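So this block is start-v8.txt, compact mmCIF, C-alpha atoms:
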```txt
# COMPACT_ATOMS: atom_id res chain seq x y z
CA MET A 76 -26.87 9.58 -12.20
CA VAL A 77 -23.99 10.79 -10.08
CA THR A 78 -25.21 13.00 -7.24
CA THR A 79 -22.02 15.08 -7.19
CA ARG A 80 -23.00 17.37 -10.09
CA THR A 81 -24.28 20.89 -9.49
CA GLY A 82 -25.49 22.32 -12.78
CA ASN A 83 -22.60 21.81 -15.19
CA THR A 84 -20.03 21.47 -12.40
CA VAL A 85 -18.81 18.24 -10.81
CA ASP A 86 -17.59 18.37 -7.21
CA TRP A 87 -14.55 16.11 -7.57
CA VAL A 88 -13.95 15.96 -3.81
CA ARG A 89 -17.44 14.52 -3.40
CA VAL A 90 -16.71 12.08 -6.21
CA ARG A 91 -13.62 10.95 -4.28
CA ASP A 92 -15.80 10.41 -1.22
CA ASP A 93 -17.85 7.86 -3.21
CA PHE A 94 -14.85 5.49 -3.00
CA PRO A 95 -14.58 3.90 0.46
CA ILE A 96 -10.98 2.72 0.08
CA LEU A 97 -9.73 6.28 -0.46
CA ALA A 98 -10.54 7.18 3.13
CA SER A 99 -7.80 4.84 4.37
CA LEU A 100 -4.94 6.48 6.24
CA GLY A 101 -1.27 5.59 5.91
CA SER A 102 1.40 5.45 8.61
CA ARG A 103 1.65 9.26 8.50
CA GLU A 104 -2.11 9.61 8.96
CA GLN A 105 -2.51 10.83 5.39
CA ARG A 106 -5.42 9.96 3.15
CA LEU A 107 -4.62 7.58 0.29
CA ALA A 108 -3.62 9.33 -2.94
CA PHE A 109 -4.24 6.57 -5.46
CA LEU A 110 -2.30 7.24 -8.66
CA ASP A 111 -2.27 3.76 -10.20
CA SER A 112 -5.59 3.63 -12.05
CA ALA A 113 -3.83 2.65 -15.29
CA ALA A 114 -3.24 -0.70 -13.57
CA SER A 115 -6.65 -1.02 -11.91
CA SER A 116 -9.21 1.49 -10.70
CA GLN A 117 -10.90 1.75 -7.35
CA LYS A 118 -14.62 1.03 -7.01
CA PRO A 119 -17.39 3.40 -5.92
CA GLU A 120 -19.74 2.38 -3.15
CA ARG A 121 -22.63 1.79 -5.56
CA VAL A 122 -20.63 -0.79 -7.57
CA ILE A 123 -19.59 -2.61 -4.41
CA ALA A 124 -23.20 -2.53 -3.20
CA ALA A 125 -24.52 -3.85 -6.53
CA VAL A 126 -22.21 -6.88 -6.46
CA ASP A 127 -23.04 -7.50 -2.80
CA ARG A 128 -26.77 -7.20 -3.52
CA TYR A 129 -26.54 -9.68 -6.38
CA TYR A 130 -25.02 -12.34 -4.13
CA ARG A 131 -27.40 -11.57 -1.27
CA GLU A 132 -30.63 -11.31 -3.26
CA THR A 133 -30.32 -12.66 -6.82
CA ASN A 134 -27.54 -15.25 -6.95
CA ALA A 135 -28.44 -17.93 -9.51
CA ASN A 136 -27.18 -19.27 -12.80
CA ILE A 137 -28.58 -17.57 -15.86
CA HIS A 138 -30.41 -18.18 -19.14
CA ARG A 139 -31.94 -21.60 -18.45
CA GLY A 140 -33.61 -21.41 -15.07
CA VAL A 141 -37.38 -20.84 -15.06
CA TYR A 142 -37.56 -19.84 -11.39
CA ASP A 143 -37.62 -16.22 -10.22
CA LEU A 144 -34.01 -15.90 -9.05
CA SER A 145 -32.60 -17.18 -12.32
CA GLU A 146 -34.86 -15.00 -14.41
CA ARG A 147 -33.94 -11.91 -12.38
CA ALA A 148 -30.23 -12.74 -12.65
CA THR A 149 -30.57 -13.24 -16.41
CA ALA A 150 -32.39 -9.94 -16.80
CA GLN A 151 -29.71 -8.05 -14.84
CA TYR A 152 -26.86 -9.73 -16.75
CA GLU A 153 -28.37 -8.90 -20.13
CA ALA A 154 -29.25 -5.38 -18.97
CA ALA A 155 -25.55 -4.86 -18.26
CA ARG A 156 -24.78 -5.96 -21.81
CA HIS A 157 -27.19 -3.34 -23.14
CA MET A 158 -25.60 -0.68 -20.91
CA VAL A 159 -22.12 -1.46 -22.24
CA ALA A 160 -23.37 -1.46 -25.83
CA ASP A 161 -24.90 1.97 -25.29
CA PHE A 162 -21.73 3.22 -23.57
CA ILE A 163 -19.53 2.60 -26.62
CA ASN A 164 -22.37 3.07 -29.18
CA ALA A 165 -22.34 -0.48 -30.49
CA ALA A 166 -24.96 -1.12 -33.15
CA SER A 167 -26.36 -4.07 -31.18
CA PRO A 168 -25.91 -5.62 -27.72
CA ARG A 169 -25.12 -8.84 -29.59
CA GLU A 170 -21.78 -7.21 -30.47
CA ILE A 171 -20.81 -7.22 -26.78
CA VAL A 172 -19.05 -10.36 -25.51
CA PHE A 173 -18.38 -10.56 -21.78
CA VAL A 174 -14.89 -11.81 -20.91
CA ARG A 175 -12.62 -11.46 -17.87
CA ASN A 176 -10.34 -8.69 -19.13
CA THR A 177 -8.68 -7.08 -22.15
CA THR A 178 -6.13 -9.89 -22.37
CA GLU A 179 -8.81 -12.54 -22.76
CA ALA A 180 -10.65 -10.43 -25.32
CA ILE A 181 -7.57 -10.07 -27.54
CA ASN A 182 -6.71 -13.76 -27.20
CA LEU A 183 -10.28 -14.58 -28.21
CA VAL A 184 -9.81 -12.71 -31.48
CA ALA A 185 -6.39 -14.22 -32.09
CA GLN A 186 -7.57 -17.77 -31.48
CA THR A 187 -10.84 -17.52 -33.44
CA TRP A 188 -10.70 -14.91 -36.19
CA GLY A 189 -6.91 -15.20 -36.37
CA ARG A 190 -6.67 -18.96 -36.66
CA ARG A 191 -9.34 -18.98 -39.36
CA HIS A 192 -8.03 -16.09 -41.45
CA ILE A 193 -4.25 -15.77 -40.94
CA SER A 194 -2.11 -17.91 -43.25
CA ALA A 195 1.58 -18.49 -43.88
CA GLY A 196 3.29 -15.34 -45.08
CA ASP A 197 0.48 -12.99 -43.99
CA LEU A 198 1.55 -9.77 -42.30
CA ILE A 199 0.33 -8.79 -38.81
CA LEU A 200 1.07 -5.24 -37.68
CA VAL A 201 1.48 -4.24 -34.04
CA THR A 202 3.28 -1.24 -32.50
CA THR A 203 6.38 -0.66 -30.41
CA MET A 204 4.22 0.82 -27.63
CA ASP A 205 1.87 -2.15 -27.29
CA HIS A 206 1.13 -3.72 -23.92
CA HIS A 207 2.26 -7.34 -23.90
CA SER A 208 -1.41 -8.37 -24.02
CA ASN A 209 -1.68 -6.90 -27.52
CA LEU A 210 1.66 -8.30 -28.58
CA VAL A 211 2.16 -11.82 -27.23
CA PRO A 212 -1.13 -13.27 -28.65
CA TRP A 213 -0.09 -12.12 -32.13
CA GLN A 214 3.43 -13.50 -31.64
CA LEU A 215 1.92 -16.89 -30.79
CA LEU A 216 -0.42 -16.75 -33.78
CA ALA A 217 2.37 -15.69 -36.15
CA GLU A 218 4.57 -18.55 -34.95
CA GLU A 219 1.75 -21.07 -35.33
CA LYS A 220 0.76 -19.87 -38.80
CA ASP A 221 4.23 -18.96 -40.06
CA ALA A 222 3.00 -15.40 -40.54
CA ARG A 223 5.09 -12.22 -40.39
CA LEU A 224 4.93 -9.79 -37.48
CA GLU A 225 6.09 -6.18 -37.84
CA ALA A 226 5.89 -3.28 -35.37
CA VAL A 227 5.17 0.35 -36.17
CA ARG A 228 8.00 2.51 -34.80
CA ILE A 229 7.54 5.38 -32.38
CA THR A 230 9.23 8.77 -32.36
CA ASP A 231 11.51 10.04 -29.61
CA GLU A 232 8.50 11.94 -28.22
CA GLY A 233 6.59 8.69 -27.80
CA VAL A 234 4.05 8.94 -30.62
CA LEU A 235 3.50 6.53 -33.47
CA ASP A 236 5.53 7.14 -36.61
CA LEU A 237 2.64 7.39 -39.08
CA GLU A 238 5.00 7.49 -42.06
CA HIS A 239 6.36 4.12 -40.99
CA LEU A 240 2.77 2.91 -40.56
CA ASP A 241 2.06 3.91 -44.16
CA GLU A 242 5.14 2.02 -45.35
CA LEU A 243 3.99 -1.12 -43.57
CA LEU A 244 0.38 -0.75 -44.74
CA ALA A 245 1.68 -0.62 -48.30
CA GLN A 246 2.74 -4.25 -47.78
CA GLY A 247 -0.92 -5.32 -47.42
CA PRO A 248 -1.22 -6.58 -43.82
CA ARG A 249 -4.06 -8.95 -42.93
CA LEU A 250 -4.50 -7.52 -39.42
CA VAL A 251 -3.51 -4.34 -37.57
CA ALA A 252 -3.51 -4.24 -33.74
CA PHE A 253 -2.72 -1.10 -31.75
CA PRO A 254 -3.46 0.60 -28.41
CA HIS A 255 -5.91 3.50 -28.47
CA VAL A 256 -3.95 4.93 -25.51
CA SER A 257 -0.52 3.82 -24.33
CA ASN A 258 -0.67 2.42 -20.80
CA SER A 259 2.93 3.50 -20.21
CA LEU A 260 3.23 6.90 -21.90
CA GLY A 261 -0.39 8.06 -22.03
CA THR A 262 -0.05 8.70 -25.78
CA ILE A 263 -3.46 9.02 -27.45
CA ASN A 264 -3.15 7.46 -30.87
CA PRO A 265 -5.26 8.78 -33.80
CA ALA A 266 -7.50 5.72 -33.83
CA ALA A 267 -9.97 6.81 -36.50
CA GLU A 268 -7.15 7.70 -38.90
CA ILE A 269 -5.27 4.45 -38.27
CA ILE A 270 -8.44 2.38 -38.72
CA ARG A 271 -9.33 4.17 -41.96
CA LYS A 272 -5.84 3.63 -43.38
CA ALA A 273 -5.82 -0.02 -42.30
CA HIS A 274 -9.20 -0.65 -43.91
CA ASP A 275 -8.01 1.01 -47.12
CA ALA A 276 -5.12 -1.46 -47.06
CA GLY A 277 -7.56 -4.36 -46.65
CA ALA A 278 -6.78 -5.13 -42.99
CA ILE A 279 -8.98 -6.00 -40.04
CA VAL A 280 -8.29 -3.84 -36.97
CA VAL A 281 -8.09 -4.79 -33.29
CA VAL A 282 -8.05 -1.82 -30.90
CA ASP A 283 -6.75 -2.21 -27.35
CA GLY A 284 -9.13 0.14 -25.53
CA ALA A 285 -8.08 -0.71 -21.98
CA GLN A 286 -6.78 2.82 -21.37
CA SER A 287 -9.24 4.76 -23.53
CA VAL A 288 -12.73 3.45 -22.79
CA PRO A 289 -12.49 4.30 -19.06
CA HIS A 290 -11.19 7.82 -19.66
CA MET A 291 -12.75 9.41 -22.75
CA PRO A 292 -15.72 9.09 -25.09
CA VAL A 293 -15.31 6.07 -27.38
CA ASP A 294 -17.78 5.51 -30.22
CA VAL A 295 -17.06 2.26 -32.04
CA GLN A 296 -19.30 3.13 -34.96
CA ALA A 297 -17.65 6.51 -35.48
CA LEU A 298 -14.22 4.86 -35.25
CA ASP A 299 -15.36 2.00 -37.51
CA ALA A 300 -13.43 -0.40 -35.25
CA ASP A 301 -13.66 -4.07 -36.15
CA PHE A 302 -12.78 -5.21 -32.63
CA LEU A 303 -12.32 -3.26 -29.40
CA ALA A 304 -11.15 -4.84 -26.14
CA PHE A 305 -11.37 -3.32 -22.67
CA SER A 306 -11.43 -4.25 -18.97
CA GLY A 307 -14.09 -3.51 -16.38
CA HIS A 308 -11.62 -3.30 -13.52
CA LYS A 309 -9.96 -0.25 -15.11
CA MET A 310 -13.27 1.62 -15.36
CA LEU A 311 -14.61 1.37 -11.78
CA GLY A 312 -16.02 -2.13 -12.31
CA PRO A 313 -15.15 -5.42 -10.61
CA MET A 314 -12.07 -7.46 -11.41
CA GLY A 315 -13.05 -10.37 -13.63
CA SER A 316 -15.24 -8.22 -15.88
CA GLY A 317 -14.19 -7.30 -19.40
CA VAL A 318 -15.57 -6.80 -22.88
CA LEU A 319 -14.83 -7.71 -26.45
CA TYR A 320 -16.74 -5.59 -28.93
CA GLY A 321 -16.83 -6.99 -32.45
CA LYS A 322 -18.78 -6.12 -35.55
CA LEU A 323 -21.63 -8.59 -35.73
CA SER A 324 -20.72 -9.69 -39.26
CA LEU A 325 -17.25 -10.65 -38.03
CA LEU A 326 -18.38 -12.35 -34.82
CA GLU A 327 -20.93 -14.46 -36.68
CA GLY A 328 -18.18 -15.83 -38.94
CA MET A 329 -15.89 -16.84 -36.06
CA PRO A 330 -15.67 -20.30 -34.45
CA PRO A 331 -15.97 -20.70 -30.66
CA PHE A 332 -13.13 -19.73 -28.36
CA MET A 333 -13.87 -22.42 -25.74
CA GLY A 334 -16.21 -25.40 -25.69
CA GLY A 335 -18.71 -26.24 -22.98
CA GLY A 336 -22.09 -25.32 -21.60
CA GLY A 337 -23.90 -22.22 -22.76
CA MET A 338 -22.15 -21.86 -26.13
CA ILE A 339 -23.87 -24.74 -27.91
CA ARG A 340 -27.10 -25.20 -29.86
CA LYS A 341 -27.15 -28.99 -30.08
CA VAL A 342 -24.72 -31.67 -28.85
CA SER A 343 -24.38 -35.32 -29.84
CA LEU A 344 -21.63 -37.73 -28.91
CA THR A 345 -19.71 -36.99 -32.10
CA ARG A 346 -20.43 -33.36 -33.01
CA SER A 347 -21.97 -30.11 -31.86
CA THR A 348 -23.47 -26.98 -33.33
CA TRP A 349 -22.97 -23.52 -31.89
CA ALA A 350 -25.21 -20.96 -30.27
CA ASP A 351 -25.70 -17.54 -31.80
CA VAL A 352 -23.33 -14.76 -30.78
CA PRO A 353 -22.53 -13.55 -28.20
CA ALA A 354 -23.40 -16.79 -26.32
CA ARG A 355 -21.07 -18.69 -28.67
CA PHE A 356 -18.12 -17.00 -26.96
CA GLU A 357 -19.33 -17.20 -23.35
CA ALA A 358 -18.79 -20.85 -22.50
CA GLY A 359 -19.52 -22.02 -18.96
CA THR A 360 -20.96 -20.14 -16.03
CA PRO A 361 -20.17 -16.45 -16.49
CA SER A 362 -19.17 -13.94 -13.81
CA VAL A 363 -22.74 -12.71 -13.46
CA GLY A 364 -22.18 -10.49 -10.43
CA ASP A 365 -19.12 -8.90 -12.02
CA ALA A 366 -21.00 -8.12 -15.24
CA ILE A 367 -23.79 -6.53 -13.21
CA GLY A 368 -21.21 -4.48 -11.33
CA LEU A 369 -19.72 -3.36 -14.65
CA GLY A 370 -23.14 -2.17 -15.75
CA VAL A 371 -23.41 -0.05 -12.60
CA ALA A 372 -19.90 1.33 -13.19
CA VAL A 373 -20.97 2.35 -16.70
CA GLU A 374 -23.99 4.15 -15.24
CA TYR A 375 -21.75 5.96 -12.77
CA LEU A 376 -19.41 7.16 -15.52
CA GLN A 377 -22.31 8.20 -17.73
CA GLY A 378 -23.66 10.20 -14.81
CA ILE A 379 -20.46 12.23 -14.79
CA GLY A 380 -20.14 12.30 -18.57
CA MET A 381 -17.13 11.00 -20.45
CA ASP A 382 -16.31 14.40 -21.92
CA THR A 383 -16.18 15.69 -18.34
CA VAL A 384 -13.98 12.77 -17.24
CA ARG A 385 -11.56 13.51 -20.06
CA GLU A 386 -11.43 17.24 -19.26
CA HIS A 387 -10.86 16.59 -15.54
CA GLU A 388 -7.92 14.29 -16.28
CA ARG A 389 -6.55 16.76 -18.81
CA GLU A 390 -6.54 19.50 -16.16
CA LEU A 391 -4.82 17.28 -13.61
CA THR A 392 -2.26 16.19 -16.20
CA ALA A 393 -1.49 19.79 -17.17
CA GLN A 394 -1.05 20.74 -13.52
CA ALA A 395 1.15 17.70 -12.84
CA LEU A 396 3.37 18.29 -15.89
CA ASP A 397 3.95 21.91 -14.86
CA ARG A 398 4.82 20.93 -11.30
CA LEU A 399 6.95 17.94 -12.22
CA ARG A 400 9.08 19.94 -14.66
CA GLU A 401 10.28 21.90 -11.63
CA VAL A 402 11.65 18.75 -9.97
CA PRO A 403 15.45 18.58 -10.55
CA GLY A 404 16.68 15.52 -12.39
CA ILE A 405 13.29 14.38 -13.64
CA ARG A 406 12.88 13.00 -17.15
CA LEU A 407 9.29 13.04 -18.35
CA LEU A 408 8.40 10.57 -21.10
CA GLY A 409 5.62 10.89 -23.63
CA PRO A 410 4.10 13.62 -25.77
CA GLU A 411 4.17 17.30 -24.79
CA ASP A 412 0.84 18.21 -26.40
CA LEU A 413 -2.07 17.61 -23.99
CA ASP A 414 -4.30 16.79 -26.95
CA ASP A 415 -2.07 13.76 -27.54
CA ARG A 416 -1.79 12.65 -23.91
CA ALA A 417 -4.15 10.96 -21.48
CA GLY A 418 -3.82 11.09 -17.69
CA VAL A 419 -0.71 8.89 -17.53
CA LEU A 420 2.72 10.24 -16.55
CA SER A 421 5.87 8.12 -16.80
CA PHE A 422 9.19 9.47 -15.60
CA THR A 423 12.61 8.71 -14.22
CA LEU A 424 14.22 10.65 -11.36
CA GLY A 425 17.96 10.95 -11.83
CA ASP A 426 19.79 7.80 -10.76
CA ILE A 427 17.11 6.76 -8.26
CA HIS A 428 15.58 3.43 -9.24
CA PRO A 429 11.84 3.72 -10.00
CA HIS A 430 11.07 1.06 -7.39
CA ASP A 431 12.84 3.16 -4.74
CA VAL A 432 10.85 6.22 -5.84
CA ALA A 433 7.61 4.24 -5.54
CA ALA A 434 8.61 2.89 -2.12
CA ILE A 435 9.28 6.38 -0.75
CA LEU A 436 5.98 7.64 -2.17
CA ASN A 437 4.26 4.71 -0.50
CA GLU A 438 5.56 5.94 2.85
CA GLU A 439 3.56 9.11 2.12
CA ASN A 440 0.49 6.97 1.25
CA VAL A 441 0.85 7.87 -2.42
CA ALA A 442 0.33 4.84 -4.66
CA VAL A 443 2.14 4.78 -8.02
CA ARG A 444 3.45 2.04 -10.29
CA ALA A 445 7.10 1.23 -10.99
CA GLY A 446 8.49 -1.16 -13.59
CA HIS A 447 8.27 -1.81 -17.32
CA HIS A 448 4.43 -1.70 -17.24
CA CYS A 449 4.20 -4.82 -19.45
CA CYS A 450 5.87 -2.82 -22.24
CA GLN A 451 9.42 -4.17 -22.43
CA PRO A 452 9.92 -3.38 -26.15
CA LEU A 453 8.85 0.20 -25.44
CA MET A 454 11.28 0.47 -22.53
CA ASP A 455 14.07 -0.80 -24.80
CA ARG A 456 13.17 1.83 -27.40
CA LEU A 457 13.26 4.60 -24.77
CA GLY A 458 16.57 3.37 -23.35
CA VAL A 459 15.29 2.71 -19.84
CA VAL A 460 14.81 -0.43 -17.77
CA ALA A 461 11.79 0.91 -15.89
CA THR A 462 9.89 4.09 -15.07
CA THR A 463 7.74 5.41 -12.30
CA ARG A 464 4.17 5.93 -13.50
CA ALA A 465 1.42 8.08 -12.00
CA SER A 466 -2.06 7.86 -13.51
CA PHE A 467 -5.22 9.87 -12.81
CA TYR A 468 -8.92 9.14 -12.68
CA VAL A 469 -12.22 10.62 -11.55
CA TYR A 470 -11.38 10.38 -7.84
CA ASN A 471 -8.11 12.32 -8.06
CA VAL A 472 -7.92 15.96 -7.03
CA ASP A 473 -5.31 18.75 -6.95
CA GLU A 474 -4.10 17.59 -3.54
CA ASP A 475 -2.95 14.30 -5.08
CA VAL A 476 -0.68 16.18 -7.49
CA ASP A 477 0.75 18.21 -4.60
CA ARG A 478 1.52 15.07 -2.63
CA LEU A 479 3.13 13.37 -5.63
CA VAL A 480 5.48 16.32 -6.16
CA SER A 481 6.22 16.63 -2.46
CA GLY A 482 7.06 12.93 -2.28
CA LEU A 483 9.48 13.22 -5.20
CA HIS A 484 11.31 16.07 -3.46
CA ARG A 485 11.54 13.88 -0.37
CA ALA A 486 12.98 11.01 -2.46
CA GLN A 487 15.64 13.33 -3.81
CA ALA A 488 16.52 14.55 -0.33
CA ILE A 489 16.83 11.00 0.99
CA PHE A 490 19.15 9.86 -1.79
CA ALA A 491 21.14 13.09 -1.79
CA SER A 492 22.00 12.51 1.87
```

Could I get this file's structure written as structure tokens?
Amino acid sequence: MVTTRTGNTVDWVRVRDDFPILASLGSREQRLAFLDSAASSQKPERVIAAVDRYYRETNANIHRGVYDLSERATAQYEAARHMVADFINAASPREIVFVRNTTEAINLVAQTWGRRHISAGDLILVTTMDHHSNLVPWQLLAEEKDARLEAVRITDEGVLDLEHLDELLAQGPRLVAFPHVSNSLGTINPAAEIIRKAHDAGAIVVVDGAQSVPHMPVDVQALDADFLAFSGHKMLGPMGSGVLYGKLSLLEGMPPFMGGGGMIRKVSLTRSTWADVPARFEAGTPSVGDAIGLGVAVEYLQGIGMDTVREHERELTAQALDRLREVPGIRLLGPEDLDDRAGVLSFTLGDIHPHDVAAILNEENVAVRAGHHCCQPLMDRLGVVATTRASFYVYNVDEDVDRLVSGLHRAQAIFAS
């Protein structure tokens, strides 16, 4: 449990103090205001310590060793799988496949379920707001299989056009892939509704949960998701840790993603048979320490409570939107309604290039992202080349919003002169 809770109240300043890197001072002797968690989150001390402890005390390969170190490492690795399953309410830990990141998880589905089930002429639906990681794998599959690829449009406000979705679903797609939360706009898509409609149309659904699982409660059984992909490094865990959730009935019908040790049952010189899931999809030596660290990150977030995480980010987002609207020349992108928006703010600032905005903020030790955010089709739809993006997480506080706004005023003053 997190030790920063008093009754029903979380001391967010004490939460921030759990993250060693946030104590670093910039050239102006200002504490780091890290506003780029949509790209990758920082790590609390207990996650860093857990990974360090694994390599100092438990480092060994897993599943086949009969000596103490290997058995302890195996137990910790599989305990992390159970923690993740509980975190998203999977029906079984066997539905949790450890991968490196969301990208690998989506490619796994495309190259296993997709290659087996997508045929020439089949329709694959994606969206205009998809991250490239939930777009390019389906482009490759569609090209290989001579399938059709269509994208659900978005409105000018940056939300999915559900009427257009209905029109495309009427064409009987084989697969629907969409982001639960847009990494660029922060739009929260109505996942349960989309999944229900897609199932009614006979489609399998792949949900990109990279921006939702770290920031709000996600229950895969309540959503009825077929597949859900997310990254550990965006939810306080180590880089190199990620998860593919899949319904067990689907995973059991899928061929392996990669061949090698650990994913086999029996091997001869001419043929092999496959291990049960999830081992079938975890070929080779896994990132054991990273998976253990992800388990500790899950415990940390559960200690705060995901409803509490979501409410904290909602409050910061509301404060930031109010303050940013007062900045002359700013164009805020994404939905107005806070119920439809996560803690991600994309904007342009007059004629100042987003990279210049980010560089000036960096001088104030405020870290934001600038670019197309791996969403070039979305940028084209919005009529911009790039945006500046600020994103919030558990370690952000009101002061970070103040410093963001102050830095934007400084950018304006510099370019005005």

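For the set A:Ser316, A:Val201, A:Arg398, A:Glu179, the residue with the smallest atom-to-atom gap to A:Ile269 is A:Val201, counting all atoms listed in the file.
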
Pick from A:Ala278, A:Val141, A:Leu483, A:Leu235 nearest to A:Asn437, counting all atoms listed in the file
A:Leu483

Contacts between stretch 143-160 of chain A and stretch 317-427 of chain A, please, where a residue of stretch 317-427 of chain A counts if it comes within 8 Å (with all atoms listed in the file); show its shortest atom pair and distance in Å to one decimal, rows by chain and ascending number, as a tab-separated table.
```
residue	atom	partner	partner_atom	distance
A:Val363	CA	A:Tyr152	CA	6.1
A:Gly364	CA	A:Tyr152	CA	7.9
A:Ala366	CA	A:Tyr152	CA	6.3
A:Ile367	CA	A:Ala155	CA	5.6
A:Leu369	CA	A:Ala155	CA	7.0
A:Gly370	CA	A:Ala155	CA	4.4
A:Val371	CA	A:Ala155	CA	7.7
A:Val373	CA	A:Val159	CA	6.8
A:Glu374	CA	A:Met158	CA	7.6
```

Quick one: everything within 12 Å of stretch 96-107 of chain A, counting all atoms listed in the file, minus sequence neighbours fewer than 6 positions away in the same chain. Send it as a PyMOL selection string.
chain A and resi 88-90+116-120+123+436-443+470-472+474-475+478-479

Could you give me the axis-aligned bounding box of stretch 408-423 of chain A, with 5 Å of padding per side, as centre plus edge lengths in Å to one decimal, as lines of an AutoDock Vina configuration file?
```
center_x = 4.2
center_y = 13.2
center_z = -20.9
size_x = 26.9
size_y = 20.1
size_z = 23.3
```

To one decimal place, how far is atom CA of A:Ser112 from atom CA of A:Arg169 in Å?
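Distance between the two atoms: 29.1 Å.
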
Option closest in space to A:Val293, from A:Gly404, A:Gly380, A:Gly277, A:Gly317 [counting only C-alpha atoms]
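So, comparing all the options, the nearest one is A:Gly380.
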
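Coordinates place atom CA of A:Gly233 at a distance of 6.9 Å from atom CA of A:Thr262.
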
Please tell me which residues are no farther than 12 Å from (-19.2, 5.4, -32.1) in the file, counting only C-alpha atoms, and write them as a VMD selection string.
chain A and resid 160 to 167 266 to 267 288 292 to 301 303 320

Quick one: residues within 6 Å of stretch 411-422 of chain A, all atoms listed in the file, excluding same-chain residues fewer than 3 positions away - as a ChimeraX atom specification?
/A:260-263,388,392,406-408,462-467

Distance in Å - atom CA of A:Arg485 versus atom CA of A:His447
23.3 Å

In file coordinates, which residues lie within 10 Å of (-19.0, 14.3, -16.8) using all atoms listed in the file, given as a ChimeraX atom specification?
/A:77,80,83-85,291,375-387,469

Incomplete stretch 472-487 of chain A filled out to N, CA and C atoms as a CSV table (one decimal), keeping the file's coordinate frame:
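In the end it all went to selection05.csv:
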```csv
chain,number,residue,atom,x,y,z
A,472,VAL,N,-7.7,14.5,-7.2
A,472,VAL,CA,-7.9,16.0,-7.0
A,472,VAL,C,-6.6,16.6,-7.0
A,473,ASP,N,-6.6,18.0,-6.9
A,473,ASP,CA,-5.3,18.8,-7.0
A,473,ASP,C,-4.4,18.3,-5.8
A,474,GLU,N,-4.9,18.0,-4.7
A,474,GLU,CA,-4.1,17.6,-3.5
A,474,GLU,C,-3.2,16.4,-3.9
A,475,ASP,N,-3.7,15.5,-4.7
A,475,ASP,CA,-3.0,14.3,-5.1
A,475,ASP,C,-1.7,14.7,-5.9
A,476,VAL,N,-1.8,15.7,-6.7
A,476,VAL,CA,-0.7,16.2,-7.5
A,476,VAL,C,0.3,16.8,-6.5
A,477,ASP,N,-0.1,17.6,-5.6
A,477,ASP,CA,0.8,18.2,-4.6
A,477,ASP,C,1.5,17.2,-3.8
A,478,ARG,N,0.9,16.1,-3.4
A,478,ARG,CA,1.5,15.1,-2.6
A,478,ARG,C,2.5,14.2,-3.5
A,479,LEU,N,2.2,14.0,-4.7
A,479,LEU,CA,3.1,13.4,-5.6
A,479,LEU,C,4.4,14.2,-5.7
A,480,VAL,N,4.3,15.5,-6.0
A,480,VAL,CA,5.5,16.3,-6.2
A,480,VAL,C,6.3,16.4,-4.9
A,481,SER,N,5.6,16.6,-3.8
A,481,SER,CA,6.2,16.6,-2.5
A,481,SER,C,7.0,15.3,-2.2
A,482,GLY,N,6.4,14.2,-2.5
A,482,GLY,CA,7.1,12.9,-2.3
A,482,GLY,C,8.3,12.8,-3.1
A,483,LEU,N,8.3,13.3,-4.4
A,483,LEU,CA,9.5,13.2,-5.2
A,483,LEU,C,10.6,14.1,-4.6
A,484,HIS,N,10.3,15.2,-4.1
A,484,HIS,CA,11.3,16.1,-3.5
A,484,HIS,C,11.9,15.3,-2.3
A,485,ARG,N,11.1,14.6,-1.5
A,485,ARG,CA,11.5,13.9,-0.4
A,485,ARG,C,12.5,12.7,-0.8
A,486,ALA,N,12.1,12.1,-1.9
A,486,ALA,CA,13.0,11.0,-2.5
A,486,ALA,C,14.3,11.6,-2.8
A,487,GLN,N,14.4,12.7,-3.5
A,487,GLN,CA,15.6,13.3,-3.8
A,487,GLN,C,16.5,13.7,-2.6
```
